[in-house]
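Asker: Data: query26.cif, mmCIF, C-alpha atoms.
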```cif
data_upload
loop_
_atom_site.label_atom_id
_atom_site.label_comp_id
_atom_site.auth_asym_id
_atom_site.auth_seq_id
_atom_site.Cartn_x
_atom_site.Cartn_y
_atom_site.Cartn_z
CA MET A 15 48.52 150.46 36.15
CA MET A 16 52.04 150.81 37.46
CA GLU A 17 53.54 148.32 35.02
CA LYS A 18 53.61 150.99 32.35
CA MET A 19 55.83 153.15 34.49
CA ILE A 20 59.52 153.01 33.95
CA PHE A 21 61.47 154.79 36.60
CA GLY A 22 63.95 156.97 34.80
CA ARG A 23 65.40 156.75 31.33
CA TYR A 24 68.97 155.78 32.15
CA ILE A 25 70.40 153.20 29.71
CA PRO A 26 73.35 151.32 31.23
CA VAL A 27 75.74 150.82 28.35
CA ASN A 28 79.45 151.47 28.20
CA SER A 29 80.41 154.68 26.45
CA LEU A 30 82.51 157.78 26.61
CA LEU A 31 79.57 159.90 27.76
CA HIS A 32 78.65 157.41 30.50
CA LYS A 33 82.13 157.68 31.97
CA LEU A 34 82.15 161.47 32.14
CA ASP A 35 81.76 163.29 35.42
CA PRO A 36 78.11 164.39 35.88
CA ARG A 37 79.34 167.92 36.58
CA SER A 38 80.98 168.25 33.20
CA LYS A 39 77.85 166.93 31.49
CA LEU A 40 75.63 169.38 33.36
CA CYS A 41 77.93 172.30 32.51
CA ALA A 42 78.32 171.23 28.87
CA ILE A 43 74.55 171.03 28.40
CA LEU A 44 74.02 174.40 30.04
CA ILE A 45 76.59 175.97 27.71
CA PHE A 46 75.04 174.17 24.72
CA ILE A 47 71.59 175.64 25.49
CA PHE A 48 73.12 179.10 25.20
CA ILE A 49 75.33 178.62 22.16
CA ILE A 50 72.65 176.88 20.09
CA PHE A 51 71.08 180.30 19.59
CA ILE A 52 74.21 181.63 17.87
CA ALA A 53 73.52 179.52 14.77
CA ASN A 54 71.65 181.39 12.08
CA ASN A 55 72.64 180.06 8.65
CA ALA A 56 73.13 176.82 6.76
CA ILE A 57 76.82 176.43 7.71
CA THR A 58 76.26 176.94 11.44
CA TYR A 59 73.29 174.57 11.48
CA GLY A 60 75.40 172.05 9.60
CA ILE A 61 78.11 172.32 12.26
CA LEU A 62 75.47 171.85 14.97
CA ALA A 63 74.14 168.79 13.15
CA ILE A 64 77.62 167.24 13.02
CA PHE A 65 78.17 168.00 16.71
CA THR A 66 74.81 166.48 17.69
CA PHE A 67 75.48 163.39 15.61
CA LEU A 68 78.92 162.92 17.16
CA ALA A 69 77.52 163.40 20.67
CA LEU A 70 74.78 160.82 20.03
CA TYR A 71 77.28 158.45 18.46
CA SER A 72 79.67 158.64 21.40
CA SER A 73 76.82 157.85 23.82
CA ASN A 74 76.26 154.35 22.38
CA ILE A 75 72.53 154.72 23.03
CA PRO A 76 70.35 152.68 20.64
CA ILE A 77 68.29 155.04 18.48
CA LYS A 78 64.94 153.62 19.54
CA PHE A 79 65.58 154.67 23.17
CA LEU A 80 66.57 158.13 22.03
CA PHE A 81 63.23 158.76 20.40
CA ASN A 82 61.14 157.02 23.06
CA GLY A 83 58.42 159.22 24.43
CA LEU A 84 59.16 162.09 22.09
CA LYS A 85 56.24 161.41 19.74
CA PHE A 86 54.13 164.31 20.94
CA ILE A 87 57.07 166.68 20.60
CA PHE A 88 57.61 165.59 17.00
CA TYR A 89 54.02 166.51 16.19
CA LEU A 90 54.71 169.91 17.70
CA ILE A 91 57.87 170.31 15.63
CA VAL A 92 55.99 169.44 12.44
CA PHE A 93 53.21 171.79 13.45
CA THR A 94 55.58 174.74 14.03
CA PHE A 95 57.38 173.93 10.80
CA LEU A 96 54.09 174.16 8.89
CA LEU A 97 53.13 177.36 10.71
CA HIS A 98 56.40 178.98 9.67
CA ILE A 99 56.02 177.85 6.06
CA LEU A 100 52.45 179.03 5.78
CA PHE A 101 52.63 182.32 7.64
CA THR A 102 56.07 183.82 6.96
CA ARG A 103 55.73 186.14 3.99
CA GLU A 104 59.27 187.30 3.28
CA GLY A 105 61.79 186.63 0.54
CA ASP A 106 61.14 185.13 -2.87
CA VAL A 107 58.12 183.02 -3.66
CA LEU A 108 59.24 179.43 -4.14
CA VAL A 109 55.96 177.68 -4.83
CA ASP A 110 52.79 179.37 -5.99
CA PHE A 111 49.57 177.38 -6.13
CA GLY A 112 47.45 180.50 -6.15
CA TRP A 113 45.85 179.72 -2.80
CA LEU A 114 49.14 178.62 -1.29
CA LYS A 115 52.36 180.54 -1.54
CA ILE A 116 55.55 179.27 0.04
CA TYR A 117 58.16 181.92 0.60
CA GLU A 118 61.87 181.33 0.79
CA ARG A 119 62.28 182.79 4.25
CA GLY A 120 59.36 180.81 5.56
CA LEU A 121 60.97 177.59 4.40
CA THR A 122 64.44 178.35 5.78
CA GLN A 123 63.03 179.70 9.07
CA GLY A 124 60.84 176.61 9.43
CA ILE A 125 63.74 174.26 8.80
CA PHE A 126 66.17 176.13 11.09
CA ILE A 127 63.80 176.44 14.03
CA SER A 128 62.72 172.79 13.79
CA LEU A 129 66.35 171.68 13.60
CA ARG A 130 67.36 173.87 16.53
CA PHE A 131 64.62 172.39 18.67
CA LEU A 132 65.48 168.85 17.57
CA PHE A 133 69.16 169.34 18.48
CA LEU A 134 68.16 170.90 21.80
CA ILE A 135 65.98 167.97 22.91
CA LEU A 136 68.41 165.33 21.64
CA ILE A 137 71.40 166.83 23.47
CA THR A 138 69.53 167.51 26.71
CA SER A 139 67.99 164.03 26.73
CA LEU A 140 71.52 162.61 26.55
CA LEU A 141 71.98 163.71 30.15
CA THR A 142 69.22 161.51 31.55
CA LEU A 143 70.07 158.69 29.15
CA THR A 144 73.74 158.46 30.14
CA THR A 145 73.68 159.55 33.79
CA THR A 146 71.87 157.90 36.68
CA PRO A 147 69.59 160.20 38.70
CA ILE A 148 71.78 159.75 41.77
CA GLU A 149 74.88 160.82 39.81
CA ILE A 150 73.05 163.93 38.60
CA THR A 151 72.08 164.67 42.21
CA ASP A 152 75.72 164.39 43.33
CA GLY A 153 76.82 166.57 40.44
CA MET A 154 74.22 169.22 41.20
CA GLU A 155 75.15 169.22 44.88
CA SER A 156 78.79 169.72 44.03
CA LEU A 157 78.10 172.49 41.50
CA MET A 158 75.77 174.34 43.87
CA LYS A 159 78.19 174.25 46.80
CA PRO A 160 79.03 177.98 46.54
CA LEU A 161 75.36 178.72 47.33
CA ARG A 162 75.98 177.45 50.85
CA LYS A 163 77.58 180.83 51.58
CA ILE A 164 74.16 182.48 51.27
CA HIS A 165 72.67 179.77 53.53
CA PHE A 166 70.96 177.88 50.75
CA PRO A 167 70.55 174.31 52.10
CA VAL A 168 72.44 172.55 49.28
CA HIS A 169 73.44 169.44 51.23
CA GLU A 170 70.00 169.07 52.80
CA LEU A 171 68.29 169.28 49.42
CA ALA A 172 70.68 166.68 48.02
CA LEU A 173 69.94 164.45 51.02
CA MET A 174 66.19 164.76 50.44
CA MET A 175 66.69 164.04 46.74
CA SER A 176 68.71 160.91 47.34
CA ILE A 177 66.22 159.66 49.93
CA ALA A 178 63.37 160.29 47.49
CA LEU A 179 65.28 158.50 44.71
CA ARG A 180 66.03 155.56 46.97
CA PHE A 181 62.39 155.20 48.02
CA ILE A 182 60.57 155.96 44.76
CA PRO A 183 60.64 152.29 43.64
CA THR A 184 59.39 151.22 47.09
CA LEU A 185 56.68 153.88 47.01
CA MET A 186 55.65 152.78 43.52
CA ASP A 187 55.30 149.19 44.69
CA GLU A 188 53.32 150.31 47.67
CA THR A 189 51.05 152.54 45.58
CA ASP A 190 50.47 149.65 43.22
CA LYS A 191 49.63 147.32 46.08
CA ILE A 192 47.19 149.76 47.69
CA MET A 193 45.55 150.52 44.34
CA LYS A 194 45.06 146.82 43.64
CA ALA A 195 43.65 146.29 47.12
CA GLN A 196 41.22 149.15 46.55
CA MET A 197 40.34 147.95 43.07
CA ALA A 198 39.53 144.52 44.51
CA ARG A 199 37.00 146.34 46.68
CA GLY A 200 35.47 147.95 43.61
CA VAL A 201 37.19 151.35 43.52
CA ASP A 202 37.65 152.72 40.02
CA PHE A 203 40.67 155.00 39.73
CA SER A 204 40.59 155.68 36.03
CA HIS A 205 36.94 156.40 35.30
CA GLY A 206 34.03 158.24 36.77
CA SER A 207 33.21 161.88 37.37
CA LEU A 208 35.88 164.26 38.57
CA LYS A 209 34.44 164.34 42.07
CA ARG A 210 34.55 160.54 42.15
CA ARG A 211 38.20 160.60 41.18
CA ALA A 212 39.04 163.12 43.84
CA GLN A 213 37.30 160.86 46.35
CA ALA A 214 39.01 157.73 45.07
CA ILE A 215 42.50 159.12 45.61
CA VAL A 216 41.97 159.65 49.38
CA PRO A 217 42.02 155.98 50.46
CA LEU A 218 45.20 155.65 48.40
CA LEU A 219 46.92 158.63 49.97
CA ILE A 220 46.18 158.00 53.64
CA PRO A 221 48.06 154.66 53.92
CA LEU A 222 50.87 156.07 51.75
CA PHE A 223 51.38 159.05 54.04
CA ILE A 224 51.17 157.10 57.25
CA SER A 225 53.53 154.34 56.18
CA SER A 226 56.07 156.76 54.72
CA PHE A 227 56.10 158.87 57.89
CA LYS A 228 56.74 155.70 59.85
CA ARG A 229 59.50 154.68 57.48
CA ALA A 230 61.00 158.17 57.67
CA GLU A 231 61.09 157.97 61.44
CA GLU A 232 62.88 154.62 61.37
CA LEU A 233 65.38 155.86 58.82
CA ALA A 234 66.03 159.06 60.78
CA VAL A 235 66.64 157.10 63.98
CA ALA A 236 69.01 154.78 62.13
CA MET A 237 70.89 157.75 60.68
CA GLU A 238 71.19 159.46 64.04
CA ALA A 239 72.35 156.25 65.66
CA ARG A 240 75.14 156.11 63.10
CA GLY A 241 76.14 159.67 63.89
CA TYR A 242 74.82 161.53 60.86
CA ARG A 243 75.30 165.24 61.46
CA GLY A 244 74.72 166.91 58.11
CA GLY A 245 77.06 168.03 55.38
CA GLU A 246 80.04 169.62 57.14
CA GLY A 247 83.17 167.55 56.65
CA ARG A 248 81.40 164.38 55.59
CA THR A 249 83.17 161.91 53.36
CA LYS A 250 81.27 160.44 50.44
CA TYR A 251 80.51 156.91 49.33
CA ARG A 252 80.18 157.93 45.70
CA GLN A 253 83.21 160.02 44.74
CA LEU A 254 83.13 162.39 41.83
CA ASN A 255 86.37 162.76 39.99
CA TRP A 256 87.03 165.27 37.29
CA ARG A 257 89.35 163.78 34.66
CA THR A 258 91.16 165.25 31.66
CA MET A 259 88.33 164.01 29.43
CA ASP A 260 85.87 166.23 31.31
CA THR A 261 87.99 169.31 30.71
CA ILE A 262 88.30 168.33 27.04
CA VAL A 263 84.50 168.01 26.70
CA ILE A 264 83.96 171.47 28.19
CA LEU A 265 86.62 172.86 25.84
CA ILE A 266 84.96 171.17 22.85
CA VAL A 267 81.58 172.72 23.69
CA LEU A 268 83.15 176.14 24.24
CA SER A 269 85.07 175.95 20.97
CA LEU A 270 81.84 174.88 19.25
CA GLY A 271 80.42 178.19 20.46
CA GLY A 272 83.47 179.99 19.06
CA ILE A 273 83.20 178.26 15.68
CA LEU A 274 79.49 179.04 15.44
CA PHE A 275 80.28 182.66 16.23
CA ILE A 276 82.83 182.85 13.40
CA PHE A 277 80.52 181.35 10.78
CA ARG A 278 77.29 183.11 11.68
CA THR A 279 76.05 185.89 9.47
CA MET B 27 64.82 177.53 54.98
CA MET B 28 65.39 177.15 58.69
CA LYS B 29 67.40 174.41 60.29
CA ARG B 30 65.39 171.24 60.68
CA SER B 31 65.84 167.89 62.34
CA ILE B 32 67.15 164.90 60.41
CA LYS B 33 63.71 163.37 60.72
CA ALA B 34 62.14 166.39 59.03
CA TYR B 35 64.54 166.14 56.10
CA VAL B 36 63.97 162.41 55.71
CA THR B 37 60.20 162.89 55.88
CA LEU B 38 60.36 165.66 53.26
CA GLY B 39 62.37 163.32 51.03
CA MET B 40 59.64 160.68 51.38
CA LEU B 41 56.89 163.22 50.68
CA SER B 42 58.75 164.36 47.55
CA GLY B 43 58.94 160.72 46.48
CA ILE B 44 55.17 160.35 46.97
CA ALA B 45 54.61 163.58 45.02
CA TYR B 46 56.76 162.22 42.20
CA VAL B 47 54.82 158.94 42.07
CA LEU B 48 51.51 160.84 42.11
CA MET B 49 52.82 163.01 39.28
CA LEU B 50 53.23 159.87 37.16
CA LEU B 51 49.61 158.90 37.90
CA ASN B 52 48.30 161.88 35.95
CA PHE B 53 45.17 161.90 33.84
CA PRO B 54 43.74 164.31 31.26
CA LEU B 55 40.43 166.04 31.78
CA PRO B 56 37.54 165.45 29.40
CA PHE B 57 37.22 168.16 26.69
CA PHE B 58 40.77 169.40 27.27
CA PRO B 59 43.81 168.64 25.09
CA SER B 60 45.79 165.63 26.28
CA PHE B 61 48.90 167.57 27.33
CA LEU B 62 46.96 169.44 30.02
CA LYS B 63 46.97 166.87 32.78
CA VAL B 64 45.75 166.76 36.34
CA ASP B 65 47.64 165.01 39.10
CA PHE B 66 47.47 165.01 42.87
CA SER B 67 51.13 165.76 43.49
CA ASP B 68 50.29 169.06 45.20
CA ILE B 69 48.70 167.16 48.08
CA PRO B 70 51.97 165.87 49.64
CA ALA B 71 53.30 169.42 49.36
CA LEU B 72 50.20 170.73 51.16
CA ILE B 73 50.64 168.10 53.87
CA ALA B 74 54.30 169.12 54.24
CA ALA B 75 53.29 172.78 54.51
CA MET B 76 50.59 172.03 57.08
CA ILE B 77 52.92 169.97 59.25
CA MET B 78 56.32 171.62 58.83
CA GLY B 79 55.57 175.10 57.57
CA PRO B 80 55.42 176.83 54.17
CA SER B 81 59.08 176.41 53.21
CA ALA B 82 58.71 172.63 53.56
CA GLY B 83 55.80 172.72 51.12
CA VAL B 84 57.83 174.77 48.64
CA ALA B 85 60.72 172.28 49.03
CA VAL B 86 58.43 169.36 48.13
CA GLU B 87 57.12 171.24 45.08
CA MET B 88 60.67 171.94 43.97
CA LEU B 89 62.02 168.45 44.62
CA LYS B 90 59.22 166.65 42.77
CA ASN B 91 59.98 168.72 39.67
CA VAL B 92 63.75 168.31 39.96
CA LEU B 93 63.23 164.56 40.42
CA ASP B 94 61.15 164.45 37.28
CA ILE B 95 63.75 166.41 35.31
CA ILE B 96 66.66 164.22 36.38
CA THR B 97 64.86 160.91 35.89
CA THR B 98 62.86 161.42 32.71
CA GLY B 99 64.31 164.68 31.44
CA SER B 100 62.30 167.51 30.01
CA GLN B 101 60.44 166.94 26.76
CA THR B 102 61.30 170.43 25.62
CA GLY B 103 65.00 170.50 26.46
CA VAL B 104 64.66 173.59 28.59
CA PRO B 105 62.29 172.59 31.41
CA VAL B 106 59.73 175.37 30.94
CA GLY B 107 56.84 173.09 31.90
CA HIS B 108 58.53 172.07 35.14
CA ILE B 109 59.19 175.67 36.10
CA ALA B 110 55.53 176.46 35.40
CA ASN B 111 54.45 173.48 37.47
CA PHE B 112 56.64 174.57 40.38
CA ILE B 113 55.23 178.10 40.33
CA THR B 114 51.64 176.85 40.04
CA GLY B 115 52.13 174.51 42.98
CA THR B 116 53.81 177.15 45.12
CA LEU B 117 51.11 179.69 44.33
CA PHE B 118 48.56 177.09 45.38
CA ILE B 119 50.03 175.93 48.68
CA LEU B 120 51.22 179.27 50.09
CA PRO B 121 47.81 181.04 50.09
CA THR B 122 46.16 177.85 51.39
CA TYR B 123 48.64 177.66 54.26
CA PHE B 124 48.46 181.32 55.28
CA LEU B 125 44.67 181.62 54.99
CA TYR B 126 44.07 178.38 56.86
CA ASN B 127 46.33 179.56 59.67
CA ARG B 128 44.00 182.54 60.16
CA VAL B 129 40.84 180.48 60.51
CA LYS B 130 41.60 176.93 61.57
CA THR B 131 38.23 175.36 60.82
CA LYS B 132 36.79 173.20 58.05
CA LYS B 133 35.14 176.26 56.54
CA GLY B 134 38.37 178.18 56.86
CA LEU B 135 40.18 175.47 54.92
CA ALA B 136 37.50 175.37 52.22
CA PHE B 137 37.74 179.14 51.87
CA ALA B 138 41.56 178.97 51.80
CA LEU B 139 41.58 176.29 49.10
CA LEU B 140 39.04 178.15 46.95
CA THR B 141 40.95 181.42 47.23
CA ALA B 142 44.19 179.63 46.40
CA THR B 143 42.52 178.07 43.34
CA LEU B 144 41.39 181.51 42.15
CA ILE B 145 44.82 183.07 42.81
CA THR B 146 46.56 180.23 40.95
CA THR B 147 44.18 180.41 38.01
CA PHE B 148 44.55 184.16 37.67
CA ALA B 149 48.32 184.22 38.22
CA MET B 150 48.94 181.37 35.79
CA SER B 151 46.97 183.10 33.04
CA VAL B 152 49.06 186.23 33.49
CA LEU B 153 52.33 184.30 33.78
CA ASN B 154 51.51 182.12 30.78
CA TYR B 155 50.80 185.18 28.69
CA PHE B 156 53.85 187.17 29.73
CA VAL B 157 56.43 184.55 30.70
CA PHE B 158 55.86 180.90 29.77
CA LEU B 159 54.43 181.19 26.27
CA PRO B 160 57.14 183.72 25.30
CA MET B 161 59.67 181.26 26.76
CA TYR B 162 58.30 178.49 24.56
CA GLU B 163 58.52 180.86 21.61
CA TYR B 164 62.07 181.81 22.47
CA PHE B 165 63.49 178.36 23.16
CA MET B 166 61.45 176.16 20.86
CA GLY B 167 60.13 178.51 18.23
CA PHE B 168 56.50 177.53 18.92
CA TYR B 169 54.45 180.48 17.83
CA LEU B 170 51.28 179.87 19.72
CA PRO B 171 48.16 181.99 19.51
CA LYS B 172 48.58 183.40 23.01
CA GLU B 173 45.05 184.67 23.65
CA ILE B 174 43.53 181.32 22.70
CA VAL B 175 46.01 179.36 24.81
CA VAL B 176 45.41 181.56 27.83
CA MET B 177 41.65 181.22 27.41
CA ALA B 178 42.01 177.43 27.26
CA ILE B 179 44.33 177.23 30.25
CA LEU B 180 42.12 179.37 32.48
CA PRO B 181 39.20 176.93 32.90
CA PHE B 182 41.68 174.06 33.08
CA ASN B 183 43.55 175.53 36.04
CA LEU B 184 40.26 176.38 37.72
CA LEU B 185 39.03 172.80 37.35
CA LYS B 186 42.37 171.34 38.40
CA GLY B 187 42.42 173.53 41.52
CA LEU B 188 38.88 172.45 42.39
CA ILE B 189 39.66 168.74 42.01
CA ILE B 190 42.76 169.01 44.20
CA SER B 191 40.81 171.12 46.71
CA VAL B 192 38.04 168.52 46.98
CA ALA B 193 40.55 165.68 47.44
CA PHE B 194 42.55 167.63 50.02
CA MET B 195 39.40 168.67 51.89
CA ILE B 196 38.30 165.04 52.31
CA LEU B 197 41.83 163.96 53.21
CA PHE B 198 42.35 166.73 55.72
CA VAL B 199 39.09 166.07 57.55
CA LYS B 200 39.91 162.35 57.78
CA MET B 201 43.52 162.87 58.84
CA ASN B 202 43.05 165.91 61.06
CA HIS B 203 44.08 164.16 64.27
CA TRP B 204 47.11 162.62 62.68
CA ILE B 205 48.20 165.95 61.17
CA VAL B 206 47.86 167.76 64.50
CA LYS B 207 49.89 165.01 66.16
CA GLN B 208 52.62 165.28 63.53
CA GLN B 209 52.65 169.07 63.93
CA THR B 210 53.48 168.74 67.60
CA ILE B 211 56.18 166.16 66.81
CA PHE B 212 57.87 168.27 64.18
CA THR B 213 57.66 171.67 65.85
CA LYS B 214 58.93 170.73 69.27
#
```
Now that the file is in, can you turn its structure into structure tokens?
Answerer:
Amino acid sequence: MMEKMIFGRYIPVNSLLHKLDPRSKLCAILIFIFIIFIANNAITYGILAIFTFLALYSSNIPIKFLFNGLKFIFYLIVFTFLLHILFTREGDVLVDFGWLKIYERGLTQGIFISLRFLFLILITSLLTLTTTPIEITDGMESLMKPLRKIHFPVHELALMMSIALRFIPTLMDETDKIMKAQMARGVDFSHGSLKRRAQAIVPLLIPLFISSFKRAEELAVAMEARGYRGGEGRTKYRQLNWRTMDTIVILIVLSLGGILFIFRT
Amino acid sequence: MMKRSIKAYVTLGMLSGIAYVLMLLNFPLPFFPSFLKVDFSDIPALIAAMIMGPSAGVAVEMLKNVLDIITTGSQTGVPVGHIANFITGTLFILPTYFLYNRVKTKKGLAFALLTATLITTFAMSVLNYFVFLPMYEYFMGFYLPKEIVVMAILPFNLLKGLIISVAFMILFVKMNHWIVKQQTIFTK
């Protein structure tokens, strides 16, 4: 059951995007989500298409990984495209079958909205494809540092995240082991009535909780013994360094916003 | 969130990891569309809330979603579904925690879980109608028939709440001693 699970989508290849600082990637994607809405005509969508293509190209990610797991979303895109074509009644009639009329605005709206969504998911999925979860965690911790002033536990959350990330593979193995042990005793996790399923999950959860609490205790003792005292003034094993390339990437995304703004109608 | 011991943070990290793994073990319900899935990832959050207080439960709910976003990414670019999941989970564990603390019996817990299920179901219908479906429309351009979607989500959330409640009820009765012991360890 667990074999199907792949932990994370990160693809370790060498590329420009892989080498960027996670902070610049997070910021660039956040800016991109906002500026994508500026586009509203053929020229601006063309510029977005070129940008998306260049971003994908510079990530060195094989295309088949890019589209992995996005099947359902593509059905949704096609579905919305058809909805727009069939139900927008503005502009000139392009095709008239009597029972089916396709209007010009319906077609352009359908194409634009589908493209916008496609660009959005492709660019945002680049983050998880080119950055390891632990790098994203470090980047988020660093970006959220100002929130410490209002007593938001940034460092503690990052600590919990990295512990969870470290132990997820272990927990998966353990879950798999317990499930197999239960299946050998005749428990069926994937069939049966809903009440049965709710009952079946209990003998899986109890050993998971107990062993992870034990493990947490051991880890906490080990951390305390090594003098861990929280975030203040700690040095880091994984250093983030912001290079010129990171600044250039942010500038490129910002100027993309500017260009889109000039060409929009 | 108040200051906690290192052990509490480490334990919450582990519980978030369990919640994440349970999230991957999701399954669809019969007669419902395949993208509406049930998982038991609210149970570690409930355990965290019972042992270390409500903010710990909220932290687990948040971390499991953030973990999912940073490992697999969001299918919709903007993680609307994850935000909805976080709010659903929080709206489920907070009423359960506060009601159970009033009446600390088996019946009290059953009542708390049922009320929480009803609150979640009602709140999610309202939020879906006014917040999440408009967000999908805004970001992705999905024009969904809102009334129909809300009507379909309502029985789903009710059923999902009931399944989680049944599982947690059984778990809580079996682990009661252990949970009480952990409470004394973590609150001293």
Asker: With all atoms listed in the file as the counted atoms, please give the residues lying no more than 12 Å from Leu270 of chain A, apart from itself and same-chain residues fewer than 6 positions off, as a PyMOL selection string.
Answerer: chain A and resi 42+45-46+48-50+52-53+58-66+263-264+276-277
Asker: Would you mind listing, for every residue of chain A within 7 Å of chain B, the two atoms forming the shortest contact and the distance between them in Å to one decimal, using only C-alpha atoms, sorted by chain and ascending residue number, as a Markdown table?
Answerer:
```
| residue | atom | partner | partner_atom | distance |
| --- | --- | --- | --- | --- |
| A:Gly22 | CA | B:Thr97 | CA | 4.2 |
| A:Arg23 | CA | B:Thr98 | CA | 5.5 |
| A:Leu84 | CA | B:Gln101 | CA | 6.9 |
| A:Thr94 | CA | B:Phe168 | CA | 5.7 |
| A:Ile127 | CA | B:Gly167 | CA | 5.9 |
| A:Phe131 | CA | B:Met166 | CA | 5.4 |
| A:Leu134 | CA | B:Gly103 | CA | 5.6 |
| A:Ile135 | CA | B:Gly103 | CA | 4.5 |
| A:Thr138 | CA | B:Gly103 | CA | 5.4 |
| A:Ser139 | CA | B:Gly99 | CA | 6.0 |
| A:Thr142 | CA | B:Gly99 | CA | 5.8 |
| A:Pro147 | CA | B:Ile96 | CA | 5.5 |
| A:Ile150 | CA | B:Ile96 | CA | 6.8 |
| A:Met174 | CA | B:Gly39 | CA | 4.1 |
| A:Met175 | CA | B:Gly39 | CA | 6.1 |
| A:Ile177 | CA | B:Gly39 | CA | 5.4 |
| A:Ala178 | CA | B:Gly43 | CA | 4.6 |
| A:Leu179 | CA | B:Gly43 | CA | 6.9 |
| A:Phe181 | CA | B:Gly43 | CA | 6.7 |
| A:Ile182 | CA | B:Gly43 | CA | 5.3 |
| A:Leu185 | CA | B:Ile44 | CA | 6.6 |
| A:Met186 | CA | B:Val47 | CA | 6.4 |
| A:Leu208 | CA | B:Ile189 | CA | 6.8 |
| A:Lys209 | CA | B:Ile189 | CA | 6.8 |
| A:Ala212 | CA | B:Ala193 | CA | 4.7 |
| A:Gln213 | CA | B:Ala193 | CA | 5.9 |
| A:Val216 | CA | B:Leu197 | CA | 5.8 |
| A:Ser226 | CA | B:Met40 | CA | 6.3 |
| A:Phe227 | CA | B:Thr37 | CA | 6.1 |
| A:Ala230 | CA | B:Thr37 | CA | 5.1 |
| A:Glu231 | CA | B:Lys33 | CA | 6.0 |
| A:Ala234 | CA | B:Lys33 | CA | 4.9 |
```
Asker: Build an axis-aligned box that encloses every atom of segment 57-60 of chain B listed in the file, pad it by 8 Å on each side, and report its centre and edge lengths in Å to one decimal, as lines of an AutoDock Vina configuration file.
Answerer:
```
center_x = 41.5
center_y = 167.5
center_z = 26.2
size_x = 24.6
size_y = 19.8
size_z = 18.2
```
Asker: To one decimal place in Å, what is the distance between atom CA of Ala110 of chain B and atom CA of Gln123 of chain A?
Answerer: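 We find that atom CA of Ala110 of chain B and atom CA of Gln123 of chain A lie 27.6 Å from each other.
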Asker: I need the residue set behind the PyMOL selection byres ((chain B and resi 123) around 9) for this file; please write it as a ChimeraX atom specification.
Answerer: /B:72,75-76,79-80,118-122,124-128,135,138-139
Asker: What is the distance, in Å and to one decimal place, between atom CA of Asp152 of chain A and atom CA of His32 of chain A?
Answerer: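 Interatomic distance here is 14.9 Å.
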